[in-house]
Protein chains: 2
Amino acid sequence: MDNNRFKGLAQQYKNELLGNVLPFWLEKSQDKKYGGYFTCLDRKGEVFDTDKFIWLQGREVWLFSMLYNNLENNPLWLECARQGGEFLKKFGHDGNLNWYFSLTREGNPIIEPYNIFSYTFATMAFGQLSKATGSEEYADIAKKTFDIVLSKVDNPKGKWNKSHPGTRNLKNFALPMILCNLALEIEHLLDHDFMERTIETCIHEVMDVFYRPELGIIVENVTSDTEELSDTFEGRVINPGHAIEAMWFIMDLGERLHRPELIEKAAKIAVQMIEYGWDNQHGGIFYFLDRKGHPVQQLEWDQKLWWVHIETLISMIKGYQLTGSQDCLRWFEKIQEYTWAQFKDKEYPEWFGYLNRMGEVLLPLKGGKWKGCFHVPRGLYQCWKTLDKIG
Amino acid sequence: MDNNRFKGLAQQYKNELLGNVLPFWLEKSQDKKYGGYFTCLDRKGEVFDTDKFIWLQGREVWLFSMLYNNLENNPLWLECARQGGEFLKKFGHDGNLNWYFSLTREGNPIIEPYNIFSYTFATMAFGQLSKATGSEEYADIAKKTFDIVLSKVDNPKGKWNKSHPGTRNLKNFALPMILCNLALEIEHLLDHDFMERTIETCIHEVMDVFYRPELGIIVENVTSDTEELSDTFEGRVINPGHAIEAMWFIMDLGERLHRPELIEKAAKIAVQMIEYGWDNQHGGIFYFLDRKGHPVQQLEWDQKLWWVHIETLISMIKGYQLTGSQDCLRWFEKIQEYTWAQFKDKEYPEWFGYLNRMGEVLLPLKGGKWKGCFHVPRGLYQCWKTLDKIG
């Protein structure tokens with residue numbers, strides 16, 4: 001690709017973000033009556049369910065604050081983030097920053113604070129919102145919630161943990177992976193030495209514990225007491241999208257810490273994971289695989305999910321920009337073609353989230369319980385800015 | 001169909017049960033070293049995972065005891081059931097008949113007793129096993145476990161319940177549905193009046209609370225405090241297979257209680273649910289639907305599952321046998337054609353469990369975490385015996 005091609009692509013991502021995706025969420029998702037956001041939006045953006053999921057409330061606060069901080073001081077973005085932050089502050093937790101999983105439209109708790117990622121996304125939300133507003137109160141919520149996250153690392157589900165203690169101690173990839181990203185997100189709020197130690201621990205976990213050089217892949221669960229992998233459903237499952245997403249978090253840390261070798265390694269692993277997860281028959285990246293080729297537990301294993309493909313675009317374009325890897329560039333082009341052709345809705349705003357193995361729309365929603373204002377706009381922003389640096 | 005056709009079909013179901021499916025489980029699933037059963041079996045019957053799931057352990061004990069009691073005093077069947085019962089008795093619970101969800105091959109608990117259906121399937125298992133062996137000890141386990149089930153009706157998940165109390169009180173269809181079946185299963189162990197009251201309650205729940213005449217369908221969740229349906233993911237979801245299966249439990253109760261009008265109603269509702277759930281484009285019955293046509297939470301919504309189709313065969317042939325309904329007969333023929341063509345493995349024993357929307361094999365397993373020695377053999381047995389009565 002020549003520079004003009006990169007410039008053209010940067011423009012394409014920018015236009016899609018500013019002209020299509022952000023207006024969709026600004027107009028369709030804000031609950032003007034009770035505050036917070038609707039995320040269950042059908043193909044045209046009509047609300048089909050009013051429940052509010054803390055993951056997605058936090059992520060939308062984060063997204064609009066982040067764009068306000070990094071892209072443009074647009075007062076509409078700030079107001080959108082702020083009103084969501086106020087809703088979260090008031091209703092999202094139990095009074096002690098234990099973050100519920102979901103609320104009714106009015107803010108009454110439905111599902112208890114069993115899910116650690118409600119906490120991590122609340123931390124991200126209030127971290128960026130404190131930057132955008134200068135509010136000490138928001139900064140304090142972010143810091144205190146982050147401390148609770150760290151205190152829960154050894155048993156994230158707390159009393160809702162259904163594993164019998166002692167039989168099979170598994171550690172999941174998602175938490176160290178998210179912490180890699182979260183660390184940079186709230187760096188401005190934390191003590192420098194503490195931050196560096198936390199970052200080192202996360203990098204070690206992701207690159208030395210969950211990445212298995214003998215297999216060339218990142219596994220989703222490891223045993224906490226032995227080096228050996230667990231030959232169980234959980235110990236065999238591979239989530240390529242998860243691993244690929246983590247690799248751009250690691251590249252960001254590599255840039256921040258000036259460690260080119262870490263970036264090289266992350267770019268290489270990301271390519272390995274794409275090659276591992278690519279569906280040669282129908283295109284796209286599988287959602288779940290079993291590393292021994294056995295049947296997986298997840299019935300949705302062969303589906304093609306929006307976030308998997310968008311996170312792959314980010315990893316590949318960053319990998320190319322930072323290392324010049326031609327593998328990264330080749331995969332970026334291939335995934336870019338698939339993603340824009342299959343996930344972008346050509347008739348209505350925003351992108352589809354869930355396709356079947358063949359790439360056909362499985363659920364025509366633009367947002368739901370798990371898809372909100374997050375992966376699509378974050379991915380468009382990240383790709384645009386990275387393409388800009390190349391072009 | 002004439003009588004010869006029914007006789008021929010009865011023979012076909014009998015042969016499949018005795019010549020194909022039962023030998024598969026007898027040979028492949030028994031763990032000769034530790035006792036209990038392997039259920040994670042690949043296409044050829046090779047063990048691919050050794051974890052033991054209490055639902056499936058209990059169901060296999062039940063299946064072989066039930067056939068021993070009702071079909072033939074085959075000592076191999078009794079021994080298969082007995083050794084599984086001993087494994088369950090020793091390792092399946094915490095010492096107070098709180099039944100774990102899963103164990104390691106050796107019998108160490110992996111997942112805590114959060115799931116009420118571990119208890120219901122243990123009750124079924126020891127109920128039939130006590131009949132087969134005359135053992136007071138097994139009868140006692142069944143009775144005591146059944147009492148615990150009834151004591152948990154209002155909060156089946158106990159301390160693992162993640163719903164915040166008071167906000168949204170939903171009641172799920174699965175428990176009253178299973179109790180309809182369980183009641184007849186352990187009738188021989190219970191006080192007559194108590195049994196009759198329990199049965200009346202279950203019939204009322206299924207036919208008057210979860211069946212909604214204004215919609216013509218059975219819903220999966222109702223609110224426990226109001227008549228109105230909940231306009232939420234849980235309140236909108238429809239599981240046609242579940243409802244269709246429950247209808248043959250109700251027909252059995254109708255026979256037992258000599259209530260032809262109850263049987264008529266159940267047969268009619270079953271037909272309505274099939275018509276509601278049938279996939280006009282690719283054939284087969286959907287796994288989940290939303291009663292308002294909104295996107296469902298379950299990504300596997302459009303898949304075709306073995307148990308859904310096998311339970312439908314039972315309901316339709318019973319409906320025809322008991323009421324003479326031509327709708328039941330027509331659907332029996334149509335589902336029979338689909339089921340035998342898509343689910344039966346023509347090369348290796350037992351049937352596939354999970355097909356995609358198009359009817360292609362999604363997971364090539366014969367058994368797993370949820371598919372064991374249960375729906376296929378129970379369905380073959382039920383259809384055979386019912387066809388015999390017709391022919």
# chains A, B, ... in the order shown; residues from 1 in each chain; ligands from 1
call {"tool": "interface_residues", "arguments": {"of": "chain A", "to": "chain B", "cutoff": "6 Å", "atoms": "only C-alpha atoms", "output": "PDB file with all heavy atoms, in the first residue's frame"}}
result
ATOM      1  N   ILE A 110     -30.817  -5.178  39.528  1.00  0.00           N
ATOM      2  CA  ILE A 110     -31.412  -6.471  39.142  1.00  0.00           C
ATOM      3  C   ILE A 110     -30.446  -7.593  39.506  1.00  0.00           C
ATOM      4  O   ILE A 110     -30.813  -8.533  40.189  1.00  0.00           O
ATOM      5  CB  ILE A 110     -31.704  -6.533  37.625  1.00  0.00           C
ATOM      6  CG1 ILE A 110     -32.605  -5.384  37.185  1.00  0.00           C
ATOM      7  CG2 ILE A 110     -32.366  -7.874  37.285  1.00  0.00           C
ATOM      8  CD1 ILE A 110     -32.749  -5.281  35.671  1.00  0.00           C
ATOM      9  N   ILE A 111     -29.217  -7.482  39.016  1.00  0.00           N
ATOM     10  CA  ILE A 111     -28.245  -8.561  39.262  1.00  0.00           C
ATOM     11  C   ILE A 111     -27.107  -8.030  40.146  1.00  0.00           C
ATOM     12  O   ILE A 111     -26.529  -6.973  39.888  1.00  0.00           O
ATOM     13  CB  ILE A 111     -27.708  -9.126  37.925  1.00  0.00           C
ATOM     14  CG1 ILE A 111     -28.856  -9.710  37.073  1.00  0.00           C
ATOM     15  CG2 ILE A 111     -26.634 -10.197  38.175  1.00  0.00           C
ATOM     16  CD1 ILE A 111     -29.519 -10.956  37.634  1.00  0.00           C
ATOM     17  N   GLU A 112     -26.790  -8.813  41.144  1.00  0.00           N
ATOM     18  CA  GLU A 112     -25.832  -8.438  42.193  1.00  0.00           C
ATOM     19  C   GLU A 112     -24.409  -8.241  41.647  1.00  0.00           C
ATOM     20  O   GLU A 112     -24.102  -8.656  40.527  1.00  0.00           O
ATOM     21  CB  GLU A 112     -25.827  -9.545  43.267  1.00  0.00           C
ATOM     22  CG  GLU A 112     -27.172  -9.758  43.965  1.00  0.00           C
ATOM     23  CD  GLU A 112     -27.418  -8.750  45.080  1.00  0.00           C
ATOM     24  OE1 GLU A 112     -26.792  -7.675  45.084  1.00  0.00           O
ATOM     25  OE2 GLU A 112     -28.251  -9.060  45.955  1.00  0.00           O
ATOM     26  N   TRP A 160     -20.231 -15.493  45.019  1.00  0.00           N
ATOM     27  CA  TRP A 160     -20.985 -16.113  43.931  1.00  0.00           C
ATOM     28  C   TRP A 160     -20.145 -17.137  43.162  1.00  0.00           C
ATOM     29  O   TRP A 160     -20.573 -17.673  42.150  1.00  0.00           O
ATOM     30  CB  TRP A 160     -21.543 -15.039  42.989  1.00  0.00           C
ATOM     31  CG  TRP A 160     -22.594 -14.224  43.660  1.00  0.00           C
ATOM     32  CD1 TRP A 160     -23.896 -14.582  43.870  1.00  0.00           C
ATOM     33  CD2 TRP A 160     -22.450 -12.915  44.247  1.00  0.00           C
ATOM     34  NE1 TRP A 160     -24.560 -13.579  44.542  1.00  0.00           N
ATOM     35  CE2 TRP A 160     -23.696 -12.551  44.783  1.00  0.00           C
ATOM     36  CE3 TRP A 160     -21.366 -12.031  44.367  1.00  0.00           C
ATOM     37  CZ2 TRP A 160     -23.905 -11.334  45.440  1.00  0.00           C
ATOM     38  CZ3 TRP A 160     -21.570 -10.819  45.002  1.00  0.00           C
ATOM     39  CH2 TRP A 160     -22.831 -10.482  45.534  1.00  0.00           C
ATOM     40  N   LYS A 162     -18.873 -20.502  42.154  1.00  0.00           N
ATOM     41  CA  LYS A 162     -19.470 -21.825  42.292  1.00  0.00           C
ATOM     42  C   LYS A 162     -18.449 -22.964  42.273  1.00  0.00           C
ATOM     43  O   LYS A 162     -18.812 -24.131  42.377  1.00  0.00           O
ATOM     44  CB  LYS A 162     -20.512 -22.027  41.183  1.00  0.00           C
ATOM     45  CG  LYS A 162     -21.717 -21.080  41.355  1.00  0.00           C
ATOM     46  CD  LYS A 162     -22.800 -21.299  40.322  1.00  0.00           C
ATOM     47  CE  LYS A 162     -22.342 -20.890  38.951  1.00  0.00           C
ATOM     48  NZ  LYS A 162     -23.449 -20.661  37.996  1.00  0.00           N
ATOM     49  N   SER A 163     -17.164 -22.609  42.142  1.00  0.00           N
ATOM     50  CA  SER A 163     -16.139 -23.666  42.154  1.00  0.00           C
ATOM     51  C   SER A 163     -15.913 -24.158  43.572  1.00  0.00           C
ATOM     52  O   SER A 163     -15.752 -23.361  44.491  1.00  0.00           O
ATOM     53  CB  SER A 163     -14.814 -23.127  41.619  1.00  0.00           C
ATOM     54  OG  SER A 163     -14.972 -22.722  40.300  1.00  0.00           O
ATOM     55  N   HIS A 164     -15.859 -25.462  43.726  1.00  0.00           N
ATOM     56  CA  HIS A 164     -15.543 -26.029  45.032  1.00  0.00           C
ATOM     57  C   HIS A 164     -14.071 -25.775  45.325  1.00  0.00           C
ATOM     58  O   HIS A 164     -13.214 -26.093  44.500  1.00  0.00           O
ATOM     59  CB  HIS A 164     -15.830 -27.529  45.010  1.00  0.00           C
ATOM     60  CG  HIS A 164     -15.726 -28.168  46.349  1.00  0.00           C
ATOM     61  ND1 HIS A 164     -16.733 -28.089  47.278  1.00  0.00           N
ATOM     62  CD2 HIS A 164     -14.728 -28.877  46.928  1.00  0.00           C
ATOM     63  CE1 HIS A 164     -16.375 -28.742  48.372  1.00  0.00           C
ATOM     64  NE2 HIS A 164     -15.162 -29.230  48.183  1.00  0.00           N
ATOM     65  N   THR A 167     -10.334 -28.203  44.448  1.00  0.00           N
ATOM     66  CA  THR A 167     -10.297 -29.289  43.467  1.00  0.00           C
ATOM     67  C   THR A 167      -9.559 -28.896  42.186  1.00  0.00           C
ATOM     68  O   THR A 167      -8.691 -29.621  41.712  1.00  0.00           O
ATOM     69  CB  THR A 167     -11.714 -29.754  43.086  1.00  0.00           C
ATOM     70  OG1 THR A 167     -12.435 -30.074  44.262  1.00  0.00           O
ATOM     71  CG2 THR A 167     -11.650 -30.969  42.176  1.00  0.00           C
ATOM     72  N   PRO A 295     -14.789 -31.196  20.829  1.00  0.00           N
ATOM     73  CA  PRO A 295     -15.950 -30.304  20.831  1.00  0.00           C
ATOM     74  C   PRO A 295     -15.857 -29.324  22.004  1.00  0.00           C
ATOM     75  O   PRO A 295     -15.456 -29.706  23.103  1.00  0.00           O
ATOM     76  CB  PRO A 295     -17.136 -31.264  21.027  1.00  0.00           C
ATOM     77  CG  PRO A 295     -16.631 -32.617  20.619  1.00  0.00           C
ATOM     78  CD  PRO A 295     -15.170 -32.621  20.953  1.00  0.00           C
ATOM     79  N   GLU A 300     -22.001 -21.391  20.487  1.00  0.00           N
ATOM     80  CA  GLU A 300     -21.792 -20.279  19.552  1.00  0.00           C
ATOM     81  C   GLU A 300     -20.366 -20.270  18.989  1.00  0.00           C
ATOM     82  O   GLU A 300     -19.943 -19.277  18.404  1.00  0.00           O
ATOM     83  CB  GLU A 300     -22.094 -18.953  20.259  1.00  0.00           C
ATOM     84  CG  GLU A 300     -21.176 -18.582  21.431  1.00  0.00           C
ATOM     85  CD  GLU A 300     -21.603 -19.155  22.790  1.00  0.00           C
ATOM     86  OE1 GLU A 300     -22.240 -20.237  22.814  1.00  0.00           O
ATOM     87  OE2 GLU A 300     -21.287 -18.529  23.809  1.00  0.00           O
ATOM     88  N   LEU A 363     -28.310 -12.014  14.508  1.00  0.00           N
ATOM     89  CA  LEU A 363     -29.190 -11.174  15.330  1.00  0.00           C
ATOM     90  C   LEU A 363     -29.097  -9.763  14.742  1.00  0.00           C
ATOM     91  O   LEU A 363     -27.993  -9.225  14.635  1.00  0.00           O
ATOM     92  CB  LEU A 363     -28.710 -11.126  16.783  1.00  0.00           C
ATOM     93  CG  LEU A 363     -28.776 -12.399  17.619  1.00  0.00           C
ATOM     94  CD1 LEU A 363     -28.098 -12.176  18.969  1.00  0.00           C
ATOM     95  CD2 LEU A 363     -30.225 -12.849  17.828  1.00  0.00           C
TER      96      LEU A 363
END
call {"tool": "select_by_dssp", "arguments": {"residues": "region 129-364 of chain B", "states": "alpha helix (DSSP H)", "output": "number ranges by chain"}}
result
B: 129-133, 136-151, 174-185, 192-204, 233-236, 240-256, 260-277, 306-323, 326-342
call {"tool": "residues_around", "arguments": {"residues": "Pro156 (chain A)", "least_positions_apart": "4", "cutoff": "12 Å", "atoms": "only C-alpha atoms", "output": "PyMOL selection string"}}
result
chain A and resi 98+113-120+148-152+160-163+170-172+174-176
call {"tool": "residues_around", "arguments": {"residues": "Lys143 (chain A)", "least_positions_apart": "2", "cutoff": "9 Å", "atoms": "only C-alpha atoms", "output": "list in words"}}
result
Thr123, Phe126, Gly127, Tyr138, Ala139, Asp140, Ile141, Thr145, Phe146, Asp147, Ile148, Ile186, Leu189 and Leu190 of chain A
call {"tool": "write_last_selection", "arguments": {"atoms": "N, CA and C atoms", "output": "PDB file, in the first residue's frame"}}
result
ATOM      1  N   THR A 123     -14.158   1.651  36.563  1.00  0.00           N
ATOM      2  CA  THR A 123     -12.862   2.322  36.762  1.00  0.00           C
ATOM      3  C   THR A 123     -12.460   3.112  35.513  1.00  0.00           C
ATOM      4  N   PHE A 126     -14.796   6.281  35.104  1.00  0.00           N
ATOM      5  CA  PHE A 126     -14.546   7.415  35.983  1.00  0.00           C
ATOM      6  C   PHE A 126     -13.122   7.939  35.846  1.00  0.00           C
ATOM      7  N   GLY A 127     -12.198   7.090  35.394  1.00  0.00           N
ATOM      8  CA  GLY A 127     -10.846   7.564  35.103  1.00  0.00           C
ATOM      9  C   GLY A 127     -10.861   8.604  33.993  1.00  0.00           C
ATOM     10  N   TYR A 138     -14.939  12.103  40.847  1.00  0.00           N
ATOM     11  CA  TYR A 138     -14.860  11.018  39.854  1.00  0.00           C
ATOM     12  C   TYR A 138     -13.513  10.302  39.956  1.00  0.00           C
ATOM     13  N   ALA A 139     -12.447  11.075  40.159  1.00  0.00           N
ATOM     14  CA  ALA A 139     -11.112  10.473  40.288  1.00  0.00           C
ATOM     15  C   ALA A 139     -11.085   9.511  41.477  1.00  0.00           C
ATOM     16  N   ASP A 140     -11.727   9.938  42.534  1.00  0.00           N
ATOM     17  CA  ASP A 140     -11.775   9.132  43.748  1.00  0.00           C
ATOM     18  C   ASP A 140     -12.533   7.817  43.521  1.00  0.00           C
ATOM     19  N   ILE A 141     -13.644   7.891  42.791  1.00  0.00           N
ATOM     20  CA  ILE A 141     -14.403   6.666  42.477  1.00  0.00           C
ATOM     21  C   ILE A 141     -13.527   5.711  41.669  1.00  0.00           C
ATOM     22  N   THR A 145     -12.325   2.158  43.195  1.00  0.00           N
ATOM     23  CA  THR A 145     -12.821   0.960  42.505  1.00  0.00           C
ATOM     24  C   THR A 145     -11.654   0.111  42.013  1.00  0.00           C
ATOM     25  N   PHE A 146     -10.602   0.773  41.538  1.00  0.00           N
ATOM     26  CA  PHE A 146      -9.423   0.029  41.082  1.00  0.00           C
ATOM     27  C   PHE A 146      -8.806  -0.767  42.237  1.00  0.00           C
ATOM     28  N   ASP A 147      -8.753  -0.156  43.420  1.00  0.00           N
ATOM     29  CA  ASP A 147      -8.245  -0.885  44.595  1.00  0.00           C
ATOM     30  C   ASP A 147      -9.092  -2.123  44.885  1.00  0.00           C
ATOM     31  N   ILE A 148     -10.407  -1.976  44.741  1.00  0.00           N
ATOM     32  CA  ILE A 148     -11.281  -3.134  44.989  1.00  0.00           C
ATOM     33  C   ILE A 148     -11.007  -4.223  43.944  1.00  0.00           C
ATOM     34  N   ILE A 186      -5.720   4.652  33.783  1.00  0.00           N
ATOM     35  CA  ILE A 186      -5.825   5.472  34.997  1.00  0.00           C
ATOM     36  C   ILE A 186      -4.453   5.800  35.575  1.00  0.00           C
ATOM     37  N   LEU A 189      -3.910   8.727  37.787  1.00  0.00           N
ATOM     38  CA  LEU A 189      -4.485   8.765  39.136  1.00  0.00           C
ATOM     39  C   LEU A 189      -3.662   7.988  40.153  1.00  0.00           C
ATOM     40  N   LEU A 190      -2.638   7.259  39.671  1.00  0.00           N
ATOM     41  CA  LEU A 190      -1.980   6.314  40.576  1.00  0.00           C
ATOM     42  C   LEU A 190      -0.531   6.683  40.858  1.00  0.00           C
TER      43      LEU A 190
END
call {"tool": "closest_residue", "arguments": {"among": "B:Gly324, B:Gly284, B:Gly319, B:Gly84", "to": "Met358 (chain B)", "atoms": "only C-alpha atoms"}}
result
B:Gly284
call {"tool": "atom_distance", "arguments": {"atom1": "CA of Thr339 (chain B)", "atom2": "CA of Tyr287 (chain B)"}}
result
14.5 Å
